[in-house]
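Data block for query-v3.cif (mmCIF, C-alpha atoms):
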data_target
loop_
_atom_site.label_atom_id
_atom_site.label_comp_id
_atom_site.auth_asym_id
_atom_site.auth_seq_id
_atom_site.Cartn_x
_atom_site.Cartn_y
_atom_site.Cartn_z
CA MET A 1 8.22 17.75 -18.13
CA ARG A 2 10.50 17.06 -15.26
CA LYS A 3 9.97 18.98 -12.10
CA VAL A 4 13.03 19.82 -10.17
CA PHE A 5 13.03 20.83 -6.57
CA VAL A 6 16.07 21.74 -4.65
CA ILE A 7 15.04 21.67 -1.08
CA ALA A 8 16.94 23.57 1.52
CA LEU A 9 16.67 21.30 4.47
CA ALA A 10 17.37 24.00 6.98
CA ALA A 11 14.16 25.66 5.94
CA LEU A 12 12.26 22.43 5.88
CA CYS A 13 12.58 20.63 9.10
CA PHE A 14 14.38 20.61 12.36
CA PRO A 15 17.09 22.61 14.02
CA PHE A 16 19.50 19.66 14.11
CA VAL A 17 19.78 19.57 10.32
CA ILE A 18 20.65 23.19 9.87
CA ALA A 19 24.30 22.43 9.23
CA ARG A 20 23.53 19.86 6.56
CA ALA A 21 24.19 20.22 2.90
CA GLN A 22 21.40 20.55 0.42
CA VAL A 23 19.58 17.54 -0.89
CA THR A 24 18.67 17.46 -4.55
CA VAL A 25 15.22 16.15 -5.26
CA HIS A 26 13.94 15.31 -8.72
CA VAL A 27 10.33 14.37 -9.13
CA GLU A 28 9.45 12.46 -12.27
CA PRO A 29 5.92 12.82 -13.58
CA ALA A 30 3.68 10.31 -11.84
CA HIS A 31 3.32 7.11 -13.83
CA LEU A 32 0.19 5.89 -12.18
CA ASP A 33 -1.28 2.46 -12.51
CA SER A 34 -4.53 3.41 -10.86
CA PRO A 35 -8.05 4.59 -11.60
CA ARG A 36 -7.65 7.27 -8.97
CA GLU A 37 -6.53 10.72 -9.95
CA LEU A 38 -3.65 12.15 -7.99
CA ALA A 39 -4.24 15.76 -7.00
CA ALA A 40 -1.19 18.03 -7.16
CA GLN A 41 -1.65 18.92 -3.50
CA THR A 42 -1.62 15.25 -2.52
CA GLU A 43 1.50 14.61 -4.57
CA GLN A 44 3.29 17.53 -2.96
CA GLY A 45 2.20 16.44 0.51
CA VAL A 46 3.36 12.87 0.02
CA ILE A 47 6.76 13.94 -1.30
CA ARG A 48 7.22 16.52 1.46
CA ASP A 49 6.35 13.97 4.15
CA TYR A 50 8.56 11.30 2.60
CA LEU A 51 11.57 13.61 2.47
CA GLU A 52 10.97 14.63 6.05
CA SER A 53 10.90 10.97 7.03
CA TRP A 54 14.56 10.74 5.99
CA ARG A 55 15.39 13.44 8.51
CA THR A 56 13.54 11.46 11.16
CA LEU A 57 15.22 8.23 10.12
CA GLN A 58 18.62 9.90 10.31
CA ALA A 59 18.03 11.27 13.79
CA ALA A 60 16.53 8.05 15.15
CA LEU A 61 19.35 5.82 13.88
CA ASP A 62 22.07 8.29 14.82
CA GLN A 63 20.77 8.79 18.36
CA ASN A 64 19.34 5.25 18.72
CA LYS A 65 15.99 6.70 19.76
CA PRO A 66 13.08 4.67 18.37
CA GLY A 67 10.56 7.15 19.76
CA LEU A 68 11.59 9.64 17.09
CA LEU A 69 10.09 7.36 14.45
CA ASP A 70 6.52 7.85 15.65
CA ARG A 71 5.77 10.96 13.64
CA ASP A 72 6.79 9.68 10.21
CA PHE A 73 6.71 5.88 10.30
CA VAL A 74 4.00 3.34 10.89
CA GLY A 75 3.48 -0.41 10.59
CA ALA A 76 6.23 -2.57 9.13
CA ALA A 77 8.61 0.31 8.37
CA LYS A 78 8.43 1.57 11.94
CA ASP A 79 8.78 -1.91 13.45
CA ARG A 80 11.77 -2.66 11.26
CA LEU A 81 13.59 0.57 12.00
CA ALA A 82 12.84 0.21 15.71
CA GLU A 83 14.28 -3.30 15.61
CA THR A 84 17.39 -1.97 13.86
CA ILE A 85 17.81 0.66 16.56
CA GLN A 86 17.48 -2.02 19.22
CA LEU A 87 20.13 -4.13 17.45
CA GLN A 88 22.39 -1.10 17.06
CA THR A 89 22.08 -0.36 20.76
CA GLY A 90 22.86 -3.97 21.62
CA ALA A 91 25.91 -3.93 19.35
CA GLY A 92 27.08 -0.60 20.72
CA ILE A 93 26.94 1.13 17.36
CA HIS A 94 25.04 3.96 15.75
CA THR A 95 24.69 4.93 12.12
CA ARG A 96 24.39 8.17 10.25
CA TYR A 97 22.42 8.14 7.01
CA GLU A 98 22.81 11.30 4.96
CA ASP A 99 20.69 11.44 1.84
CA ARG A 100 22.25 13.40 -1.00
CA SER A 101 19.71 13.09 -3.78
CA HIS A 102 16.34 11.58 -4.47
CA ASN A 103 14.89 10.80 -7.86
CA LEU A 104 11.25 10.15 -7.10
CA GLN A 105 8.30 8.85 -9.02
CA ILE A 106 4.84 8.06 -7.75
CA ALA A 107 4.00 4.66 -9.18
CA PHE A 108 0.73 3.62 -7.59
CA TYR A 109 -2.20 5.28 -5.87
CA SER A 110 -4.53 2.65 -4.54
CA PRO A 111 -8.11 3.03 -5.76
CA GLU A 112 -9.55 3.69 -2.31
CA GLY A 113 -6.90 6.34 -1.63
CA LEU A 114 -5.37 4.64 1.38
CA SER A 115 -1.86 4.09 0.04
CA ILE A 116 0.60 5.68 -2.33
CA GLN A 117 3.66 3.93 -3.64
CA LEU A 118 6.81 5.78 -4.61
CA ILE A 119 9.95 4.63 -6.31
CA ASP A 120 13.03 6.50 -5.12
CA MET A 121 16.44 6.27 -6.74
CA VAL A 122 18.33 7.61 -3.80
CA ASP A 123 21.98 8.45 -3.17
CA TYR A 124 23.08 8.54 0.42
CA ASP A 125 26.11 8.18 2.63
CA VAL A 126 26.23 5.78 5.55
CA GLN A 127 28.66 6.25 8.37
CA VAL A 128 28.91 3.60 11.06
CA PHE A 129 30.19 4.43 14.53
CA ASP A 130 31.19 1.93 17.20
CA LYS A 131 30.75 3.88 20.40
CA ASP A 132 31.76 7.23 18.95
CA LYS A 133 34.54 6.02 16.69
CA GLN A 134 33.75 6.01 12.99
CA ILE A 135 34.49 2.53 11.70
CA SER A 136 33.11 2.66 8.18
CA THR A 137 31.63 4.92 5.56
CA GLN A 138 30.07 4.13 2.22
CA GLN A 139 28.25 5.92 -0.53
CA VAL A 140 25.14 4.06 -1.58
CA HIS A 141 22.99 4.32 -4.68
CA ALA A 142 19.83 2.29 -4.23
CA ARG A 143 16.32 1.95 -5.52
CA TYR A 144 13.75 2.14 -2.76
CA VAL A 145 10.14 1.05 -2.92
CA VAL A 146 8.14 3.14 -0.50
CA VAL A 147 4.51 2.81 0.53
CA MET A 148 2.91 5.69 2.38
CA THR A 149 -0.45 5.79 4.09
CA PRO A 150 -2.43 8.77 5.30
CA ALA A 151 -2.60 9.57 8.99
CA GLU A 152 -4.41 12.42 10.73
CA VAL A 153 -2.41 15.29 9.33
CA ARG A 154 0.35 13.75 7.25
CA TRP A 155 1.42 10.78 5.17
CA ARG A 156 3.46 8.19 7.02
CA VAL A 157 5.92 5.66 5.64
CA ARG A 158 4.55 2.12 5.97
CA ILE A 159 7.06 0.29 3.78
CA LEU A 160 10.63 1.39 3.06
CA GLN A 161 12.55 -1.27 1.26
CA ALA A 162 15.60 -1.20 -1.00
CA ALA A 163 14.79 -3.35 -4.00
CA ASN A 164 16.47 -3.95 -7.29
CA GLU A 165 14.62 -3.38 -10.55
CA MET B 1 37.72 -34.70 -26.35
CA ARG B 2 38.61 -31.15 -27.28
CA PHE B 3 34.92 -30.42 -27.83
CA ARG B 4 34.03 -31.89 -24.43
CA LEU B 5 36.65 -29.80 -22.70
CA ALA B 6 35.44 -26.65 -24.43
CA SER B 7 31.88 -27.44 -23.39
CA LEU B 8 32.96 -28.00 -19.83
CA ILE B 9 34.80 -24.69 -19.73
CA ALA B 10 31.78 -22.94 -21.20
CA MET B 11 29.55 -24.47 -18.56
CA LEU B 12 31.76 -23.58 -15.62
CA PRO B 13 30.16 -20.21 -14.91
CA LEU B 14 26.77 -21.92 -14.82
CA ALA B 15 27.91 -24.67 -12.53
CA ALA B 16 29.66 -22.43 -10.03
CA PRO B 17 27.52 -20.72 -7.37
CA PRO B 18 26.71 -17.46 -9.21
CA PHE B 19 26.33 -15.39 -6.07
CA ILE B 20 29.70 -16.01 -4.51
CA THR B 21 31.78 -12.93 -5.08
CA ALA B 22 34.77 -11.44 -3.41
CA GLN B 23 33.45 -8.13 -2.20
CA SER B 24 36.70 -6.73 -0.93
CA ASN B 25 40.30 -7.87 -0.56
CA ASN B 26 39.75 -9.42 2.83
CA LEU B 27 36.18 -10.69 2.77
CA ILE B 28 34.33 -13.17 0.59
CA PHE B 29 30.56 -13.25 0.73
CA PRO B 30 27.57 -13.33 -1.65
CA ARG B 31 26.62 -10.18 -3.48
CA SER B 32 22.94 -11.06 -3.05
CA VAL B 33 20.98 -13.46 -0.87
CA ALA B 34 17.28 -14.16 -0.40
CA ALA B 35 15.82 -13.02 2.92
CA GLY B 36 16.24 -15.64 5.59
CA SER B 37 18.84 -17.65 3.66
CA ALA B 38 21.92 -19.02 5.33
CA PHE B 39 25.26 -17.81 4.01
CA SER B 40 28.76 -17.23 5.23
CA VAL B 41 31.30 -14.45 5.21
CA LYS B 42 34.87 -15.63 4.95
CA SER B 43 37.83 -13.60 6.04
CA SER B 44 41.28 -13.93 4.52
CA GLU B 45 42.76 -11.65 7.14
CA ALA B 46 45.67 -12.78 9.28
CA SER B 47 44.31 -11.19 12.43
CA LYS B 48 40.99 -11.50 14.20
CA GLY B 49 38.43 -8.80 13.73
CA THR B 50 34.79 -7.86 14.07
CA LEU B 51 32.37 -8.37 11.22
CA TYR B 52 29.53 -5.89 10.76
CA ILE B 53 26.49 -6.26 8.53
CA VAL B 54 24.60 -2.98 8.72
CA GLY B 55 21.41 -1.87 7.02
CA LEU B 56 18.20 0.02 7.66
CA GLY B 57 16.41 -3.24 8.38
CA GLN B 58 18.89 -5.06 10.59
CA VAL B 59 22.33 -5.03 12.16
CA ILE B 60 24.58 -8.05 12.77
CA LYS B 61 27.90 -7.93 14.61
CA ARG B 62 30.15 -10.99 14.92
CA ASP B 63 33.68 -11.72 15.99
CA LEU B 64 35.70 -13.32 13.21
CA GLU B 65 38.83 -15.39 13.70
CA PRO B 66 41.64 -15.20 11.13
CA GLY B 67 40.90 -17.28 8.03
CA GLN B 68 37.52 -18.36 9.44
CA SER B 69 33.99 -17.88 8.22
CA ALA B 70 31.10 -16.24 9.98
CA ASN B 71 28.04 -18.33 9.36
CA ILE B 72 24.85 -16.35 9.11
CA GLU B 73 22.19 -18.89 9.97
CA ALA B 74 18.91 -19.35 8.12
CA GLY B 75 16.44 -16.73 9.29
CA ALA B 76 19.12 -14.52 10.87
CA LEU B 77 19.21 -11.90 8.12
CA HIS B 78 15.56 -11.62 7.10
CA SER B 79 14.95 -7.98 6.35
CA ALA B 80 15.18 -7.20 2.62
CA GLY B 81 17.34 -4.27 1.64
CA HIS B 82 20.83 -2.95 1.13
CA TYR B 83 23.54 -3.81 3.67
CA LEU B 84 27.09 -2.70 4.30
CA VAL B 85 29.46 -5.55 5.12
CA PHE B 86 32.83 -4.82 6.64
CA LEU B 87 35.49 -6.22 8.90
CA VAL B 88 37.18 -4.09 11.50
CA ASN B 89 40.60 -5.21 12.72
CA GLU B 90 44.05 -3.74 12.99
CA GLY B 91 44.28 -3.07 9.24
CA PRO B 92 42.29 -0.65 7.12
CA THR B 93 38.56 -1.30 6.94
CA GLU B 94 37.19 -2.35 3.59
CA THR B 95 33.50 -2.14 3.00
CA GLY B 96 31.40 -4.20 0.60
CA SER B 97 27.70 -4.38 0.06
CA LEU B 98 25.09 -7.08 0.17
CA GLU B 99 21.60 -7.07 -1.27
CA VAL B 100 19.01 -9.04 0.64
CA THR B 101 16.12 -9.76 -1.69
CA PRO B 102 12.62 -10.75 -0.57
CA ALA B 103 12.02 -14.48 -0.36
CA LYS B 104 10.18 -15.82 -3.41
CA GLU B 105 7.40 -17.41 -1.40
CA VAL B 106 4.35 -15.21 -0.83
CA ALA B 107 3.12 -15.70 2.72
CA ASP B 108 0.74 -12.81 3.27
CA LEU B 109 -1.50 -10.38 1.44
CA SER B 110 -2.60 -6.95 2.50
CA PHE B 111 -5.96 -6.64 0.75
CA LEU B 112 -7.92 -3.40 0.70
CA ALA B 113 -11.40 -3.75 -0.78
CA ARG B 114 -13.82 -0.87 -1.10
CA PRO B 115 -16.59 -0.08 -0.50
CA SER B 116 -17.99 -2.50 2.03
CA ARG B 117 -21.54 -1.68 0.88
CA LEU B 118 -22.81 -0.35 -2.44
CA PRO B 119 -25.83 -0.40 -4.74
CA VAL B 120 -26.27 -3.20 -7.26
CA SER B 121 -25.30 -2.77 -10.92
CA LEU B 122 -22.74 -0.04 -10.29
CA ARG B 123 -20.14 -0.02 -13.04
CA GLY B 124 -16.60 -0.24 -11.67
CA GLY B 125 -18.03 0.26 -8.19
CA ILE B 126 -15.85 -2.30 -6.38
CA THR B 127 -12.10 -1.94 -6.17
CA GLY B 128 -9.48 -4.08 -4.57
CA ALA B 129 -5.76 -3.49 -4.08
CA VAL B 130 -3.17 -5.85 -2.67
CA TYR B 131 0.39 -5.71 -1.45
CA ILE B 132 2.14 -9.06 -1.23
CA PHE B 133 4.65 -10.10 1.43
CA ASP B 134 7.11 -12.94 2.00
CA PRO B 135 7.31 -14.93 5.26
CA TYR B 136 9.52 -12.19 6.77
CA ASN B 137 7.08 -9.41 5.95
CA ASN B 138 9.18 -8.08 3.08
CA LEU B 139 7.32 -6.67 0.11
CA VAL B 140 7.70 -9.19 -2.73
CA THR B 141 8.72 -6.97 -5.62
CA ALA B 142 9.18 -9.64 -8.30
CA PRO B 143 6.20 -9.70 -10.71
CA THR B 144 3.68 -12.15 -9.29
CA SER B 145 0.23 -13.12 -10.50
CA VAL B 146 -2.64 -12.19 -8.19
CA THR B 147 -6.13 -13.56 -8.86
CA PHE B 148 -9.14 -11.50 -7.82
CA GLU B 149 -12.61 -13.06 -7.73
CA LEU B 150 -15.95 -11.52 -6.86
CA SER B 151 -18.79 -13.99 -6.35
CA SER B 152 -22.34 -13.33 -5.24
CA PRO B 153 -25.40 -15.51 -4.82
CA ASN B 154 -27.33 -15.83 -8.12
CA SER B 155 -24.56 -14.17 -10.16
CA THR B 156 -21.77 -15.46 -12.33
CA PRO B 157 -18.43 -14.94 -10.56
CA GLN B 158 -16.15 -12.27 -11.97
CA LYS B 159 -12.50 -13.32 -12.05
CA ARG B 160 -9.33 -11.55 -13.13
CA SER B 161 -5.59 -12.19 -12.85
CA VAL B 162 -3.25 -9.24 -12.49
CA MET B 163 0.55 -9.15 -12.33
CA THR B 164 2.00 -7.16 -9.46
CA ARG B 165 4.25 -4.18 -10.10
CA ASN B 166 6.65 -3.39 -7.29
CA GLY B 167 4.63 -5.63 -5.01
CA SER B 168 1.18 -4.17 -5.64
CA ALA B 169 -1.77 -4.96 -7.87
CA TRP B 170 -5.32 -3.73 -8.13
CA THR B 171 -8.56 -4.46 -9.92
CA GLN B 172 -12.05 -3.11 -10.40
CA PHE B 173 -15.36 -4.99 -10.70
CA ASP B 174 -18.96 -4.01 -11.36
CA SER B 175 -21.39 -4.74 -8.56
CA THR B 176 -23.77 -7.49 -9.56
CA ALA B 177 -27.45 -7.06 -10.46
CA HIS B 178 -28.62 -8.99 -7.41
CA GLN B 179 -28.65 -7.81 -3.85
CA GLY B 180 -26.80 -9.80 -1.20
CA ASN B 181 -23.36 -10.24 0.24
CA GLY B 182 -20.60 -10.70 -2.30
CA LYS B 183 -17.37 -12.54 -1.53
CA PHE B 184 -14.33 -10.64 -2.81
CA VAL B 185 -11.20 -12.79 -2.72
CA ALA B 186 -7.59 -12.05 -3.65
CA ASN B 187 -5.19 -14.93 -3.81
CA VAL B 188 -1.62 -15.77 -4.71
CA GLY B 189 -1.07 -19.50 -4.82
CA ALA B 190 -2.38 -20.93 -1.58
CA VAL B 191 -2.47 -17.57 0.17
CA SER B 192 -5.76 -15.75 0.03
CA SER B 193 -7.62 -12.96 1.70
CA GLU B 194 -11.38 -12.46 1.66
CA ARG B 195 -13.63 -9.45 2.11
CA VAL B 196 -17.42 -9.23 2.18
CA ILE B 197 -19.08 -6.64 -0.01
CA GLY B 198 -22.72 -5.85 0.77
CA GLN B 199 -24.66 -5.17 -2.41
CA VAL B 200 -27.90 -3.39 -1.70
CA PRO B 201 -30.77 -2.41 -4.01
CA GLY B 202 -30.29 0.77 -5.98
CA ASP B 203 -32.68 3.71 -6.25
CA PRO B 204 -36.34 2.94 -6.98
CA CYS B 205 -37.09 2.50 -10.62
CA GLY B 206 -40.51 3.16 -12.23
CA LEU B 207 -41.97 4.53 -8.98
CA ARG B 208 -45.75 4.51 -9.39
CA MET B 209 -48.71 5.22 -7.08
CA ILE B 210 -52.46 5.03 -7.18
CA ALA B 211 -54.95 7.31 -5.39
CA VAL B 212 -58.31 6.17 -4.04
CA PRO B 213 -60.92 7.94 -1.92
CA ALA B 214 -60.88 6.94 1.74
CA GLY B 215 -63.73 8.64 3.58
CA GLY B 216 -62.99 12.34 3.46
CA LEU B 217 -59.36 11.71 2.54
CA ILE B 218 -57.31 10.40 -0.35
CA LYS B 219 -55.39 7.20 0.15
CA LEU B 220 -52.11 7.15 -1.79
CA GLN B 221 -50.38 3.82 -2.27
CA THR B 222 -47.36 2.84 -4.32
CA ASP B 223 -46.90 -0.34 -6.32
CA PRO B 224 -44.21 -2.64 -4.86
CA ILE B 225 -41.08 -0.53 -5.03
CA ARG B 226 -38.12 -2.09 -6.83
CA ASP B 227 -34.83 -0.91 -8.27
CA CYS B 228 -34.02 -1.13 -11.99
CA SER B 229 -32.67 -4.68 -11.54
CA GLY B 230 -35.87 -5.87 -9.87
CA ASN B 231 -34.55 -5.95 -6.30
CA ALA B 232 -37.03 -4.84 -3.64
CA VAL B 233 -36.06 -1.48 -2.20
CA PRO B 234 -35.63 -2.09 1.55
CA ASP B 235 -38.32 -1.26 4.09
CA GLY B 236 -37.56 1.97 5.87
CA THR B 237 -36.57 3.82 2.69
CA VAL B 238 -38.45 7.12 2.78
CA VAL B 239 -41.05 7.92 0.13
CA THR B 240 -42.48 11.43 -0.14
CA PHE B 241 -46.05 12.12 -1.20
CA THR B 242 -46.87 15.71 -2.12
CA ALA B 243 -50.23 17.37 -2.75
CA SER B 244 -50.27 20.80 -4.41
CA TYR B 245 -53.49 22.78 -4.38
CA ASN B 246 -54.22 26.40 -5.08
CA GLY B 247 -50.65 27.49 -4.41
CA ASP B 248 -50.38 25.50 -1.19
CA GLN B 249 -48.36 22.35 -0.80
CA SER B 250 -48.54 19.61 1.78
CA THR B 251 -45.97 16.84 2.08
CA VAL B 252 -46.01 13.46 3.81
CA ASP B 253 -42.84 11.39 4.31
CA VAL B 254 -43.46 7.73 4.97
CA PRO B 255 -41.12 4.73 5.17
CA ILE B 256 -41.63 1.76 2.92
CA LYS B 257 -43.37 -1.05 4.80
CA ARG B 258 -43.60 -4.55 3.36
CA GLY B 259 -42.37 -3.27 0.01
CA ILE B 260 -44.86 -0.45 -0.47
CA ALA B 261 -45.49 3.05 0.85
CA GLU B 262 -48.90 4.48 1.65
CA ALA B 263 -50.35 7.64 3.19
CA GLN B 264 -53.63 9.47 3.56
CA ILE B 265 -53.97 13.16 2.78
CA PRO B 266 -56.92 15.62 2.79
CA THR B 267 -58.90 15.76 -0.41
CA HIS B 268 -59.10 18.83 -2.65
CA PRO B 269 -60.63 18.58 -6.09
CA GLY B 270 -57.99 19.61 -8.62
CA ALA B 271 -55.05 18.83 -6.34
CA VAL B 272 -51.87 17.60 -8.04
CA LEU B 273 -50.44 14.53 -6.29
CA THR B 274 -46.84 13.44 -6.78
CA VAL B 275 -44.57 10.75 -5.33
CA ALA B 276 -40.82 10.67 -5.02
CA SER B 277 -38.04 8.80 -3.21
CA GLY B 278 -34.78 10.61 -2.89
CA VAL B 279 -34.04 12.10 -6.30
CA VAL B 280 -36.29 9.65 -8.11
CA MET B 281 -39.65 11.09 -9.20
CA GLY B 282 -42.69 8.89 -9.67
CA ASN B 283 -45.94 9.50 -11.47
CA GLN B 284 -48.29 12.47 -11.01
CA ILE B 285 -52.09 12.35 -10.49
CA ARG B 286 -54.59 15.22 -10.79
CA TRP B 287 -57.35 14.48 -8.26
CA GLY B 288 -60.96 14.99 -9.47
CA ASN B 289 -62.06 18.23 -11.12
CA LYS B 290 -61.68 21.67 -9.72
#
Represent the structure contained in this file as structure tokens.
Amino acid sequence: MRKVFVIALAALCFPFVIARAQVTVHVEPAHLDSPRELAAQTEQGVIRDYLESWRTLQAALDQNKPGLLDRDFVGAAKDRLAETIQLQTGAGIHTRYEDRSHNLQIAFYSPEGLSIQLIDMVDYDVQVFDKDKQISTQQVHARYVVVMTPAEVRWRVRILQAANE
Amino acid sequence: MRFRLASLIAMLPLAAPPFITAQSNNLIFPRSVAAGSAFSVKSSEASKGTLYIVGLGQVIKRDLEPGQSANIEAGALHSAGHYLVFLVNEGPTETGSLEVTPAKEVADLSFLARPSRLPVSLRGGITGAVYIFDPYNNLVTAPTSVTFELSSPNSTPQKRSVMTRNGSAWTQFDSTAHQGNGKFVANVGAVSSERVIGQVPGDPCGLRMIAVPAGGLIKLQTDPIRDCSGNAVPDGTVVTFTASYNGDQSTVDVPIKRGIAEAQIPTHPGAVLTVASGVVMGNQIRWGNK
């Protein structure tokens, strides 16, 4: 049975997203290739934290502030996004990523419980600004492979990579 | 001749570079490139402009002269993902997209093996999971064979090959019957990662003691204490001797020394003597006659 969540972002996260439209989130039943059982609470926590990481990503890339990544990103994902922000700053541009829908499935829960992999068929808009002038916009439909690892109080994104089937 | 010509025409799509695609009216560039590959973006515009390649993993900005190509050097665009490609000049901006796929070569493994220490002969007790990465630290998502091997002194190695799914693979092995450090290796081609798994004796098996008079006391002494696979249970493991007599109970905890445990307790004819280690119970002796 397919679970459907429609998440009102204003209720979810930060004040700066209050004006945003709703994001539709579909969660497919987990198709786990793992000996480890995935508790419902863990699944909900991972999905909640992943969706929040898009808010963080949006703010960091829009404001070119790598420090905003600290809460939700770690390891390679954080390094990569920080590098992108540095390149954006050098090029005098900033980008606005607005996710419209996520179709999520948890694909792998590592046996020792230290990583969870999600597949996200995501639709988002990208707007590119040079200084403050919008120079491009595009709607994107992409398949993302995401690996999340547990931190003290939340799951953080360690790998975020668009990848074809 | 006609046949040859037809064959040639049929082969043309194969011979042409399959990735070269016009992405918009004014730009020509590949639809997909491997991370770190060199490629070029050609403009058919009559005026100069600025080329942007923008993604979550990287950003590239280059000036582009009319009718010229922007050469993206090997290693310049190395972060796998989805990119917007567009040229900004006096005319309307047209945007195309570019997929950067992970390089095929696996250069690194992230190998998580658990636990680092466990009892011998534990079914499915050892697990290992890997994520595989290319030279640019992109997750290699194409199915790739990973070989896991667990080898221990005095045991036949356990070996298994697993195909990755979305860049990850895992396996599970039994711990061996013999104590000692096991070598747990994951490898893809020439790239490997090794972890050491300490396999320690399990719980005592067939715990047995004898009781002999020692002056006014009873001397209790176990046989050499081994687990069910015959490994000596390590010195320091606590063994508990208990004497129950007339509703009273006295207990002595002693560590195993040189493979055995021994203690002396006061003698009471009719006392019931028992031995245990952890949750494992040994034999029971009724001392003398009441």
Inset, instruction - Give the residues of chain B that lie within 8 Å of chain A; count only C-alpha atoms, and format the answer as a PyMOL selection string. - result: chain B and resi 55-61+79-82+84+86+88+93-95+101+112-114+127-129+137-139+141+166+170
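For the pair atom CA of B:Ala38 and atom CA of B:His78, the interatomic distance is 9.9 Å.
Nearest residue to A:His26 among A:Phe73, A:Glu52, A:Ile116, A:Ile47 is A:Ile47, counting only C-alpha atoms.
Counting from atom CA of B:Val196, the distance to atom CA of A:Thr42 is 29.5 Å.
When all atoms listed in the file are used to compute distances to B:Val185, the closest of the residues B:Thr164, B:Gln199, B:Ser121, B:Ser110 turns out to be B:Ser110.
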Legend entry - Residue nearest B:Ser69 - candidates B:Ala46, B:Val41, B:Ala271, B:Val54, atoms counted: all atoms listed in the file: B:Val41
Inset, instruction - Fewer than 5 positions away in the same chain doesn't count, so skip those; otherwise give me all residues within 9 Å of B:Glu45, counting all atoms listed in the file, as a ChimeraX atom specification. - result: /B:25-27,65-68,89,91
Output requested as a PDB file, in the coordinates of the input - stretch 88-101 of chain A, filled out with N, CA and C atoms.
ATOM      1  N   GLN A  88      21.251  -2.027  16.998  1.00  0.00           N
ATOM      2  CA  GLN A  88      22.390  -1.100  17.060  1.00  0.00           C
ATOM      3  C   GLN A  88      22.808  -0.861  18.502  1.00  0.00           C
ATOM      4  N   THR A  89      21.806  -0.624  19.344  1.00  0.00           N
ATOM      5  CA  THR A  89      22.080  -0.360  20.760  1.00  0.00           C
ATOM      6  C   THR A  89      22.778  -1.550  21.390  1.00  0.00           C
ATOM      7  N   GLY A  90      22.263  -2.754  21.069  1.00  0.00           N
ATOM      8  CA  GLY A  90      22.860  -3.970  21.620  1.00  0.00           C
ATOM      9  C   GLY A  90      24.297  -4.168  21.152  1.00  0.00           C
ATOM     10  N   ALA A  91      24.568  -3.744  19.912  1.00  0.00           N
ATOM     11  CA  ALA A  91      25.910  -3.930  19.350  1.00  0.00           C
ATOM     12  C   ALA A  91      26.829  -2.765  19.695  1.00  0.00           C
ATOM     13  N   GLY A  92      26.277  -1.756  20.331  1.00  0.00           N
ATOM     14  CA  GLY A  92      27.080  -0.600  20.720  1.00  0.00           C
ATOM     15  C   GLY A  92      27.461   0.299  19.554  1.00  0.00           C
ATOM     16  N   ILE A  93      26.628   0.291  18.523  1.00  0.00           N
ATOM     17  CA  ILE A  93      26.940   1.130  17.360  1.00  0.00           C
ATOM     18  C   ILE A  93      25.804   2.115  17.092  1.00  0.00           C
ATOM     19  N   HIS A  94      26.099   3.118  16.309  1.00  0.00           N
ATOM     20  CA  HIS A  94      25.040   3.960  15.750  1.00  0.00           C
ATOM     21  C   HIS A  94      25.431   4.323  14.324  1.00  0.00           C
ATOM     22  N   THR A  95      24.440   4.692  13.547  1.00  0.00           N
ATOM     23  CA  THR A  95      24.690   4.930  12.120  1.00  0.00           C
ATOM     24  C   THR A  95      24.164   6.293  11.721  1.00  0.00           C
ATOM     25  N   ARG A  96      24.825   6.870  10.732  1.00  0.00           N
ATOM     26  CA  ARG A  96      24.390   8.170  10.250  1.00  0.00           C
ATOM     27  C   ARG A  96      24.099   8.057   8.749  1.00  0.00           C
ATOM     28  N   TYR A  97      22.827   8.196   8.414  1.00  0.00           N
ATOM     29  CA  TYR A  97      22.420   8.140   7.010  1.00  0.00           C
ATOM     30  C   TYR A  97      22.211   9.568   6.519  1.00  0.00           C
ATOM     31  N   GLU A  98      22.968   9.947   5.512  1.00  0.00           N
ATOM     32  CA  GLU A  98      22.810  11.300   4.960  1.00  0.00           C
ATOM     33  C   GLU A  98      22.409  11.189   3.498  1.00  0.00           C
ATOM     34  N   ASP A  99      21.153  11.526   3.222  1.00  0.00           N
ATOM     35  CA  ASP A  99      20.690  11.440   1.840  1.00  0.00           C
ATOM     36  C   ASP A  99      21.215  12.629   1.050  1.00  0.00           C
ATOM     37  N   ARG A 100      21.693  12.338  -0.150  1.00  0.00           N
ATOM     38  CA  ARG A 100      22.250  13.400  -1.000  1.00  0.00           C
ATOM     39  C   ARG A 100      21.294  13.770  -2.121  1.00  0.00           C
ATOM     40  N   SER A 101      20.672  12.767  -2.707  1.00  0.00           N
ATOM     41  CA  SER A 101      19.710  13.090  -3.780  1.00  0.00           C
ATOM     42  C   SER A 101      18.628  12.020  -3.850  1.00  0.00           C
TER      43      SER A 101
END
